[in-house]
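The structure file work36.pdb is reproduced below (PDB, C-alpha atoms).
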```pdb
ATOM      1  CA  MET A   1      -2.579  -3.365  13.531
ATOM      2  CA  ALA A   2      -5.650  -2.481  15.540
ATOM      3  CA  THR A   3      -8.485  -1.485  13.214
ATOM      4  CA  THR A   4     -11.451   0.815  13.662
ATOM      5  CA  ASN A   5     -15.073  -0.226  13.186
ATOM      6  CA  THR A   6     -14.734   0.061   9.403
ATOM      7  CA  GLY A   7     -10.993  -0.182   8.783
ATOM      8  CA  ALA A   8      -8.943  -3.177   7.679
ATOM      9  CA  PHE A   9      -5.468  -3.966   6.385
ATOM     10  CA  ILE A  10      -5.377  -6.550   3.595
ATOM     11  CA  VAL A  11      -2.188  -7.815   1.923
ATOM     12  CA  LEU A  12      -1.853  -9.776  -1.309
ATOM     13  CA  GLU A  13       1.359 -11.712  -1.829
ATOM     14  CA  GLY A  14       2.997 -14.021  -4.315
ATOM     15  CA  GLY A  15       5.959 -14.471  -6.608
ATOM     16  CA  GLU A  16       6.666 -12.616  -9.841
ATOM     17  CA  GLY A  17       3.893 -13.262 -12.359
ATOM     18  CA  SER A  18       1.391 -14.424  -9.741
ATOM     19  CA  GLY A  19      -1.195 -11.793 -10.672
ATOM     20  CA  LYS A  20      -1.055  -9.763  -7.456
ATOM     21  CA  SER A  21      -1.409  -6.360  -9.082
ATOM     22  CA  THR A  22      -4.484  -7.436 -11.053
ATOM     23  CA  GLN A  23      -6.152  -8.863  -7.977
ATOM     24  CA  VAL A  24      -5.318  -5.825  -5.834
ATOM     25  CA  GLU A  25      -7.079  -3.660  -8.419
ATOM     26  CA  ARG A  26     -10.096  -5.968  -8.554
ATOM     27  CA  LEU A  27     -10.431  -6.210  -4.797
ATOM     28  CA  ALA A  28     -10.102  -2.447  -4.358
ATOM     29  CA  ALA A  29     -12.750  -1.863  -7.035
ATOM     30  CA  ARG A  30     -15.155  -4.279  -5.363
ATOM     31  CA  LEU A  31     -14.701  -2.554  -2.010
ATOM     32  CA  ARG A  32     -15.211   0.892  -3.562
ATOM     33  CA  ALA A  33     -18.427  -0.363  -5.141
ATOM     34  CA  ASP A  34     -19.660  -0.843  -1.566
ATOM     35  CA  ASP A  35     -18.870   2.836  -0.862
ATOM     36  CA  ARG A  36     -15.797   1.961   1.181
ATOM     37  CA  ASP A  37     -12.900   4.324   1.736
ATOM     38  CA  VAL A  38     -10.155   2.282   0.051
ATOM     39  CA  VAL A  39      -6.417   2.925  -0.114
ATOM     40  CA  GLU A  40      -4.700   0.876  -2.809
ATOM     41  CA  THR A  41      -0.928   0.742  -2.311
ATOM     42  CA  PHE A  42       2.180  -1.367  -2.833
ATOM     43  CA  GLU A  43       5.723  -2.176  -1.703
ATOM     44  CA  PRO A  44       8.406  -1.236  -2.313
ATOM     45  CA  GLY A  45       7.782   2.339  -3.407
ATOM     46  CA  GLY A  46       4.397   3.306  -1.992
ATOM     47  CA  THR A  47       5.620   6.760  -0.920
ATOM     48  CA  ALA A  48       7.714   9.497  -2.513
ATOM     49  CA  ARG A  49      10.786   8.455  -0.522
ATOM     50  CA  GLY A  50       9.909   4.835  -1.130
ATOM     51  CA  ALA A  51       9.977   5.410  -4.875
ATOM     52  CA  ARG A  52      13.661   6.310  -4.624
ATOM     53  CA  LEU A  53      14.327   3.216  -2.519
ATOM     54  CA  ARG A  54      12.436   1.113  -5.066
ATOM     55  CA  ALA A  55      14.662   2.410  -7.851
ATOM     56  CA  ALA A  56      17.749   1.323  -5.904
ATOM     57  CA  LEU A  57      16.230  -2.084  -5.134
ATOM     58  CA  LEU A  58      15.161  -2.903  -8.680
ATOM     59  CA  ASP A  59      18.196  -1.500 -10.484
ATOM     60  CA  ASP A  60      20.361  -4.319 -11.790
ATOM     61  CA  ASP A  61      23.302  -2.220 -12.999
ATOM     62  CA  THR A  62      25.394  -2.852  -9.882
ATOM     63  CA  PRO A  63      25.416  -5.729  -7.350
ATOM     64  CA  LEU A  64      23.381  -5.336  -4.151
ATOM     65  CA  ASP A  65      24.259  -7.286  -1.027
ATOM     66  CA  ALA A  66      21.355  -9.336   0.359
ATOM     67  CA  ARG A  67      21.610  -7.595   3.739
ATOM     68  CA  ALA A  68      21.547  -4.184   2.075
ATOM     69  CA  GLU A  69      18.488  -5.319   0.127
ATOM     70  CA  LEU A  70      16.759  -6.314   3.362
ATOM     71  CA  LEU A  71      17.530  -3.006   5.062
ATOM     72  CA  LEU A  72      16.326  -0.982   2.082
ATOM     73  CA  MET A  73      13.083  -2.964   2.156
ATOM     74  CA  ALA A  74      12.750  -2.291   5.883
ATOM     75  CA  ALA A  75      13.318   1.441   5.397
ATOM     76  CA  ASP A  76      10.694   1.538   2.666
ATOM     77  CA  ARG A  77       8.208  -0.309   4.906
ATOM     78  CA  ALA A  78       8.764   1.961   7.897
ATOM     79  CA  GLN A  79       8.044   5.058   5.805
ATOM     80  CA  HIS A  80       5.104   3.377   4.087
ATOM     81  CA  ILE A  81       3.454   2.537   7.397
ATOM     82  CA  ALA A  82       4.035   5.969   8.897
ATOM     83  CA  GLU A  83       2.897   7.897   5.833
ATOM     84  CA  VAL A  84       0.207   5.727   4.228
ATOM     85  CA  ILE A  85      -0.941   2.579   6.021
ATOM     86  CA  ALA A  86      -1.311   3.640   9.653
ATOM     87  CA  PRO A  87      -3.131   6.940   8.950
ATOM     88  CA  ALA A  88      -5.530   5.234   6.514
ATOM     89  CA  VAL A  89      -6.479   2.429   8.883
ATOM     90  CA  ALA A  90      -6.808   4.899  11.751
ATOM     91  CA  ARG A  91      -9.442   6.873   9.847
ATOM     92  CA  GLY A  92     -11.367   3.686   9.036
ATOM     93  CA  ALA A  93     -10.195   3.005   5.484
ATOM     94  CA  VAL A  94      -9.591  -0.432   4.013
ATOM     95  CA  VAL A  95      -5.960  -0.669   2.906
ATOM     96  CA  VAL A  96      -5.260  -3.143   0.099
ATOM     97  CA  CYS A  97      -1.515  -3.609  -0.235
ATOM     98  CA  ASP A  98       0.503  -5.360  -2.940
ATOM     99  CA  ARG A  99       3.275  -6.935  -0.787
ATOM    100  CA  PHE A 100       4.226  -6.362   2.842
ATOM    101  CA  SER A 101       6.288  -8.169   5.511
ATOM    102  CA  PRO A 102       5.674 -11.667   4.075
ATOM    103  CA  SER A 103       7.659 -10.654   0.986
ATOM    104  CA  SER A 104      10.702  -9.924   3.140
ATOM    105  CA  LEU A 105      10.411 -13.217   4.994
ATOM    106  CA  VAL A 106      10.252 -15.120   1.712
ATOM    107  CA  TYR A 107      12.499 -13.133  -0.634
ATOM    108  CA  GLN A 108      15.250 -12.162   1.787
ATOM    109  CA  GLY A 109      14.736 -14.752   4.531
ATOM    110  CA  VAL A 110      14.301 -17.839   2.341
ATOM    111  CA  ALA A 111      15.389 -17.116  -1.234
ATOM    112  CA  ARG A 112      18.348 -14.883  -0.306
ATOM    113  CA  GLY A 113      19.259 -17.210   2.554
ATOM    114  CA  LEU A 114      19.396 -14.648   5.359
ATOM    115  CA  GLY A 115      17.117 -16.707   7.588
ATOM    116  CA  VAL A 116      13.468 -16.120   8.418
ATOM    117  CA  ASP A 117      14.161 -15.344  12.091
ATOM    118  CA  VAL A 118      16.781 -12.708  11.236
ATOM    119  CA  VAL A 119      14.481 -11.049   8.727
ATOM    120  CA  ALA A 120      11.516 -11.185  11.124
ATOM    121  CA  ALA A 121      13.541  -9.415  13.813
ATOM    122  CA  ILE A 122      14.510  -6.573  11.483
ATOM    123  CA  ASP A 123      11.025  -6.361  10.035
ATOM    124  CA  ALA A 124       9.568  -6.065  13.545
ATOM    125  CA  VAL A 125      11.478  -2.795  13.966
ATOM    126  CA  ALA A 126      10.240  -1.453  10.621
ATOM    127  CA  ALA A 127       6.654  -2.674  10.859
ATOM    128  CA  ARG A 128       6.162  -1.929  14.561
ATOM    129  CA  ASP A 129       2.567  -2.962  15.346
ATOM    130  CA  ALA A 130       1.309  -2.937  11.761
ATOM    131  CA  HIS A 131      -0.011  -6.452  11.244
ATOM    132  CA  PRO A 132      -2.339  -7.278   8.342
ATOM    133  CA  ASP A 133      -5.813  -8.511   9.172
ATOM    134  CA  VAL A 134      -5.374 -11.088   6.414
ATOM    135  CA  VAL A 135      -2.619 -12.138   4.008
ATOM    136  CA  VAL A 136      -3.605 -13.865   0.760
ATOM    137  CA  VAL A 137      -0.866 -15.632  -1.210
ATOM    138  CA  LEU A 138      -1.459 -16.206  -4.915
ATOM    139  CA  ASP A 139       0.236 -19.475  -5.779
ATOM    140  CA  VAL A 140       1.102 -19.991  -9.436
ATOM    141  CA  ASP A 141       2.965 -22.844 -11.076
ATOM    142  CA  ASP A 142       6.513 -21.912 -12.050
ATOM    143  CA  ALA A 143       5.904 -22.515 -15.763
ATOM    144  CA  ILE A 144       2.784 -20.332 -15.807
ATOM    145  CA  ALA A 145       4.575 -17.582 -13.896
ATOM    146  CA  ARG A 146       7.384 -17.605 -16.486
ATOM    147  CA  GLU A 147       4.841 -17.214 -19.292
ATOM    148  CA  ARG A 148       3.363 -14.188 -17.509
ATOM    149  CA  ARG A 149       6.708 -12.409 -17.277
ATOM    150  CA  PRO A 150       8.208 -12.872 -20.777
ATOM    151  CA  GLU A 151      10.346  -9.739 -20.416
ATOM    152  CA  ALA A 152      12.220  -9.565 -17.117
ATOM    153  CA  ARG A 153      12.255  -5.854 -16.271
ATOM    154  CA  ASP A 154      14.028  -5.681 -12.909
ATOM    155  CA  ARG A 155      16.604  -7.511 -10.809
ATOM    156  CA  PHE A 156      14.009  -9.657  -9.014
ATOM    157  CA  GLU A 157      12.374 -10.791 -12.234
ATOM    158  CA  ARG A 158      15.833 -11.569 -13.634
ATOM    159  CA  ALA A 159      16.913 -13.571 -10.593
ATOM    160  CA  GLY A 160      16.585 -16.922 -12.355
ATOM    161  CA  ALA A 161      14.389 -20.025 -12.238
ATOM    162  CA  GLU A 162      15.971 -21.448  -9.069
ATOM    163  CA  PHE A 163      15.370 -18.216  -7.162
ATOM    164  CA  HIS A 164      11.724 -18.031  -8.243
ATOM    165  CA  ALA A 165      11.178 -21.678  -7.311
ATOM    166  CA  MET A 166      12.566 -20.936  -3.844
ATOM    167  CA  VAL A 167      10.204 -17.964  -3.541
ATOM    168  CA  ARG A 168       7.175 -20.086  -4.398
ATOM    169  CA  ALA A 169       8.253 -22.837  -1.994
ATOM    170  CA  GLY A 170       8.928 -20.253   0.708
ATOM    171  CA  TYR A 171       5.417 -18.872   0.518
ATOM    172  CA  ARG A 172       3.893 -22.338   0.657
ATOM    173  CA  ASP A 173       6.104 -23.457   3.546
ATOM    174  CA  LEU A 174       5.473 -20.372   5.682
ATOM    175  CA  ALA A 175       1.764 -20.001   4.936
ATOM    176  CA  HIS A 176       0.503 -22.681   7.306
ATOM    177  CA  ASP A 177       2.395 -21.583  10.405
ATOM    178  CA  ARG A 178       1.749 -17.886   9.827
ATOM    179  CA  GLY A 179      -1.912 -18.085   8.900
ATOM    180  CA  TRP A 180      -1.580 -16.893   5.318
ATOM    181  CA  ILE A 181      -4.370 -17.997   2.982
ATOM    182  CA  VAL A 182      -3.110 -19.634  -0.215
ATOM    183  CA  VAL A 183      -5.224 -19.155  -3.342
ATOM    184  CA  ASP A 184      -4.650 -20.820  -6.710
ATOM    185  CA  GLY A 185      -3.583 -17.950  -8.942
ATOM    186  CA  SER A 186      -3.234 -20.003 -12.120
ATOM    187  CA  VAL A 187      -6.948 -20.075 -13.002
ATOM    188  CA  ALA A 188      -9.011 -17.384 -14.739
ATOM    189  CA  PRO A 189      -8.784 -13.912 -13.145
ATOM    190  CA  ASP A 190     -12.510 -13.888 -12.301
ATOM    191  CA  VAL A 191     -12.154 -17.181 -10.456
ATOM    192  CA  VAL A 192      -9.115 -15.914  -8.574
ATOM    193  CA  ALA A 193     -10.981 -12.714  -7.668
ATOM    194  CA  SER A 194     -13.854 -14.731  -6.197
ATOM    195  CA  ALA A 195     -11.448 -16.834  -4.159
ATOM    196  CA  VAL A 196      -9.660 -13.726  -2.892
ATOM    197  CA  TRP A 197     -12.975 -12.164  -1.887
ATOM    198  CA  ASN A 198     -13.988 -15.322  -0.032
ATOM    199  CA  ALA A 199     -10.680 -15.180   1.838
ATOM    200  CA  VAL A 200     -10.901 -11.533   2.882
ATOM    201  CA  GLU A 201     -14.627 -10.849   3.251
ATOM    202  CA  ARG A 202     -14.911 -11.940   6.877
ATOM    203  CA  HIS A 203     -11.978  -9.739   7.847
ATOM    204  CA  ILE A 204     -13.698  -6.548   6.674
ATOM    205  CA  PRO A 205     -15.882  -4.999   9.396
ATOM    206  CA  PRO A 206     -19.400  -3.984   8.384
ATOM    207  CA  ILE A 207     -20.052  -0.357   7.545
ATOM    208  CA  ARG A 208     -21.792   1.446  10.419
TER     209      ARG A 208
END
```
Just give me the structure as structure tokens.
Amino acid sequence: MATTNTGAFIVLEGGEGSGKSTQVERLAARLRADDRDVVETFEPGGTARGARLRAALLDDDTPLDARAELLLMAADRAQHIAEVIAPAVARGAVVVCDRFSPSSLVYQGVARGLGVDVVAAIDAVAARDAHPDVVVVLDVDDAIARERRPEARDRFERAGAEFHAMVRAGYRDLAHDRGWIVVDGSVAPDVVASAVWNAVERHIPPIR
């Protein structure tokens, strides 16, 4: 996504229990302390329509085909970009997003077995020209991640140890080729926050 003089699009990624939400909040707070216009958002469910899609995606009462899951994610992303991300970046805001296209590549492409190329093609339709300026992946050991999610609340969290291991491996395998920055998410939150800042700072244009 083309940014303005002050705008940027930052995405934090990682598996369940990686600490993304905490680090999104910390990064957004640090940017606001610099008097930045910051939009803090997430996927799936970052819009009113997206909230309904999120409910369908996370509900574990009935089975959901992997391809249906992918298409629901794509629909959520298309609305999210049109309603939240694109307008914010266009006005010069810094968008800090908890999950974006990398989640689809890893969760549906790798862990669900649909294939990264297939998912990328569908995501290209949904995302259009919305490309993050930087993607930071929080990498957390499987055992630590399990400790951080003692109560599985949704169908992704309840997907099982093998699924979560595939998610972690998928992020690590795709990071190099796609330019994602991997940060150790298993250390103290303050240390993680510093590493995240170091990863994103150069991608944030100076205020003019």
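The space separating atom CA of A:Leu12 from atom CA of A:Asp123 comes to 17.5 Å.
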In terms of the shortest atom-to-atom distance over only C-alpha atoms, which of A:Ala111, A:Leu58, A:Arg128, A:Asp98 is closest to A:Gln79?
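The answer is A:Arg128, which sits nearest to A:Gln79.
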On this structure, the PyMOL selection byres ((chain A and resi 22) around 12) would catch which residues? List them as a PyMOL selection string, sorted by chain and number.
chain A and resi 12-13+17-21+23-29+40+96-98+138+185+188-190+192-193+196
Ground truth for the PyMOL selection byres ((chain A and resi 8) around 6), written as a CSV table (one decimal) with C-alpha atoms, keeping the file's coordinate frame:
```
chain,number,residue,atom,x,y,z
A,3,THR,CA,-8.5,-1.5,13.2
A,7,GLY,CA,-11.0,-0.2,8.8
A,9,PHE,CA,-5.5,-4.0,6.4
A,94,VAL,CA,-9.6,-0.4,4.0
A,204,ILE,CA,-13.7,-6.5,6.7
```
Top pick for closest residue to A:Gly46, considering A:Ala66, A:Leu31, A:Ile81, A:Val106 and counting only C-alpha atoms
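Closest residue, counting only C-alpha atoms: A:Ile81.
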Shortest interatomic distance to A:Ala75 - which of A:Arg91, A:Arg52, A:Arg155, A:Arg178, counting only C-alpha atoms:
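The closest residue to A:Ala75 is A:Arg52.
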Nearest residue to A:Gly179 out of A:Val137, A:Ala159, A:Ala143, A:Val191, using only C-alpha atoms?
A:Val137
My list of candidates is A:Leu105, A:Ala48, A:Val200, A:Ala165. Which is closest to A:Ile181 when distances are computed with all atoms listed in the file?
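Comparing A:Leu105, A:Ala48, A:Val200, A:Ala165 against A:Ile181, the winner is A:Val200.
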Residue with the minimum atom-to-atom distance to A:Glu201, picked from A:Gln108, A:Thr62, A:Asp133, A:Arg77 with only C-alpha atoms counted, is A:Asp133
Go ahead and compute the interatomic distance for atom CA of A:Ala55 and atom CA of A:Ala120, in Å to one decimal.
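Taking atom CA of A:Ala55 as the start and atom CA of A:Ala120 as the end point, the length is 23.6 Å.
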Final N, CA and C atoms of stretch 102-123 of chain A as a short mmCIF file (atom, residue, chain, number, x, y, z; two decimals), in the coordinates of the input:
```
data_model
loop_
_atom_site.label_atom_id
_atom_site.label_comp_id
_atom_site.auth_asym_id
_atom_site.auth_seq_id
_atom_site.Cartn_x
_atom_site.Cartn_y
_atom_site.Cartn_z
N PRO A 102 5.43 -10.32 4.59
CA PRO A 102 5.67 -11.67 4.08
C PRO A 102 6.67 -11.72 2.93
N SER A 103 6.69 -10.68 2.09
CA SER A 103 7.66 -10.65 0.99
C SER A 103 9.09 -10.69 1.51
N SER A 104 9.35 -9.93 2.57
CA SER A 104 10.70 -9.92 3.14
C SER A 104 11.07 -11.28 3.71
N LEU A 105 10.14 -11.90 4.42
CA LEU A 105 10.41 -13.22 4.99
C LEU A 105 10.76 -14.23 3.91
N VAL A 106 10.05 -14.15 2.79
CA VAL A 106 10.25 -15.12 1.71
C VAL A 106 11.44 -14.75 0.83
N TYR A 107 11.45 -13.53 0.32
CA TYR A 107 12.50 -13.13 -0.63
C TYR A 107 13.87 -13.04 0.02
N GLN A 108 13.94 -12.31 1.14
CA GLN A 108 15.25 -12.16 1.79
C GLN A 108 15.54 -13.29 2.78
N GLY A 109 14.53 -13.71 3.53
CA GLY A 109 14.74 -14.75 4.53
C GLY A 109 15.01 -16.11 3.94
N VAL A 110 14.19 -16.51 2.95
CA VAL A 110 14.30 -17.84 2.34
C VAL A 110 15.17 -17.80 1.08
N ALA A 111 14.71 -17.06 0.07
CA ALA A 111 15.39 -17.12 -1.23
C ALA A 111 16.80 -16.52 -1.21
N ARG A 112 17.00 -15.46 -0.42
CA ARG A 112 18.35 -14.88 -0.31
C ARG A 112 19.18 -15.57 0.78
N GLY A 113 18.53 -16.41 1.58
CA GLY A 113 19.26 -17.21 2.55
C GLY A 113 19.67 -16.50 3.82
N LEU A 114 19.02 -15.37 4.14
CA LEU A 114 19.40 -14.65 5.36
C LEU A 114 18.79 -15.25 6.61
N GLY A 115 17.77 -16.08 6.45
CA GLY A 115 17.12 -16.71 7.59
C GLY A 115 15.84 -15.98 7.97
N VAL A 116 14.76 -16.71 8.12
CA VAL A 116 13.47 -16.12 8.42
C VAL A 116 13.49 -15.40 9.76
N ASP A 117 14.13 -15.97 10.76
CA ASP A 117 14.16 -15.34 12.09
C ASP A 117 14.91 -14.01 12.07
N VAL A 118 16.02 -13.95 11.35
CA VAL A 118 16.78 -12.71 11.24
C VAL A 118 15.94 -11.64 10.56
N VAL A 119 15.31 -12.01 9.46
CA VAL A 119 14.48 -11.05 8.73
C VAL A 119 13.29 -10.60 9.57
N ALA A 120 12.67 -11.53 10.29
CA ALA A 120 11.52 -11.18 11.12
C ALA A 120 11.90 -10.19 12.21
N ALA A 121 13.09 -10.33 12.76
CA ALA A 121 13.54 -9.41 13.81
C ALA A 121 13.72 -8.00 13.26
N ILE A 122 14.32 -7.89 12.09
CA ILE A 122 14.51 -6.57 11.48
C ILE A 122 13.17 -5.99 11.04
N ASP A 123 12.33 -6.83 10.48
CA ASP A 123 11.02 -6.36 10.04
C ASP A 123 10.17 -5.88 11.21
#
```
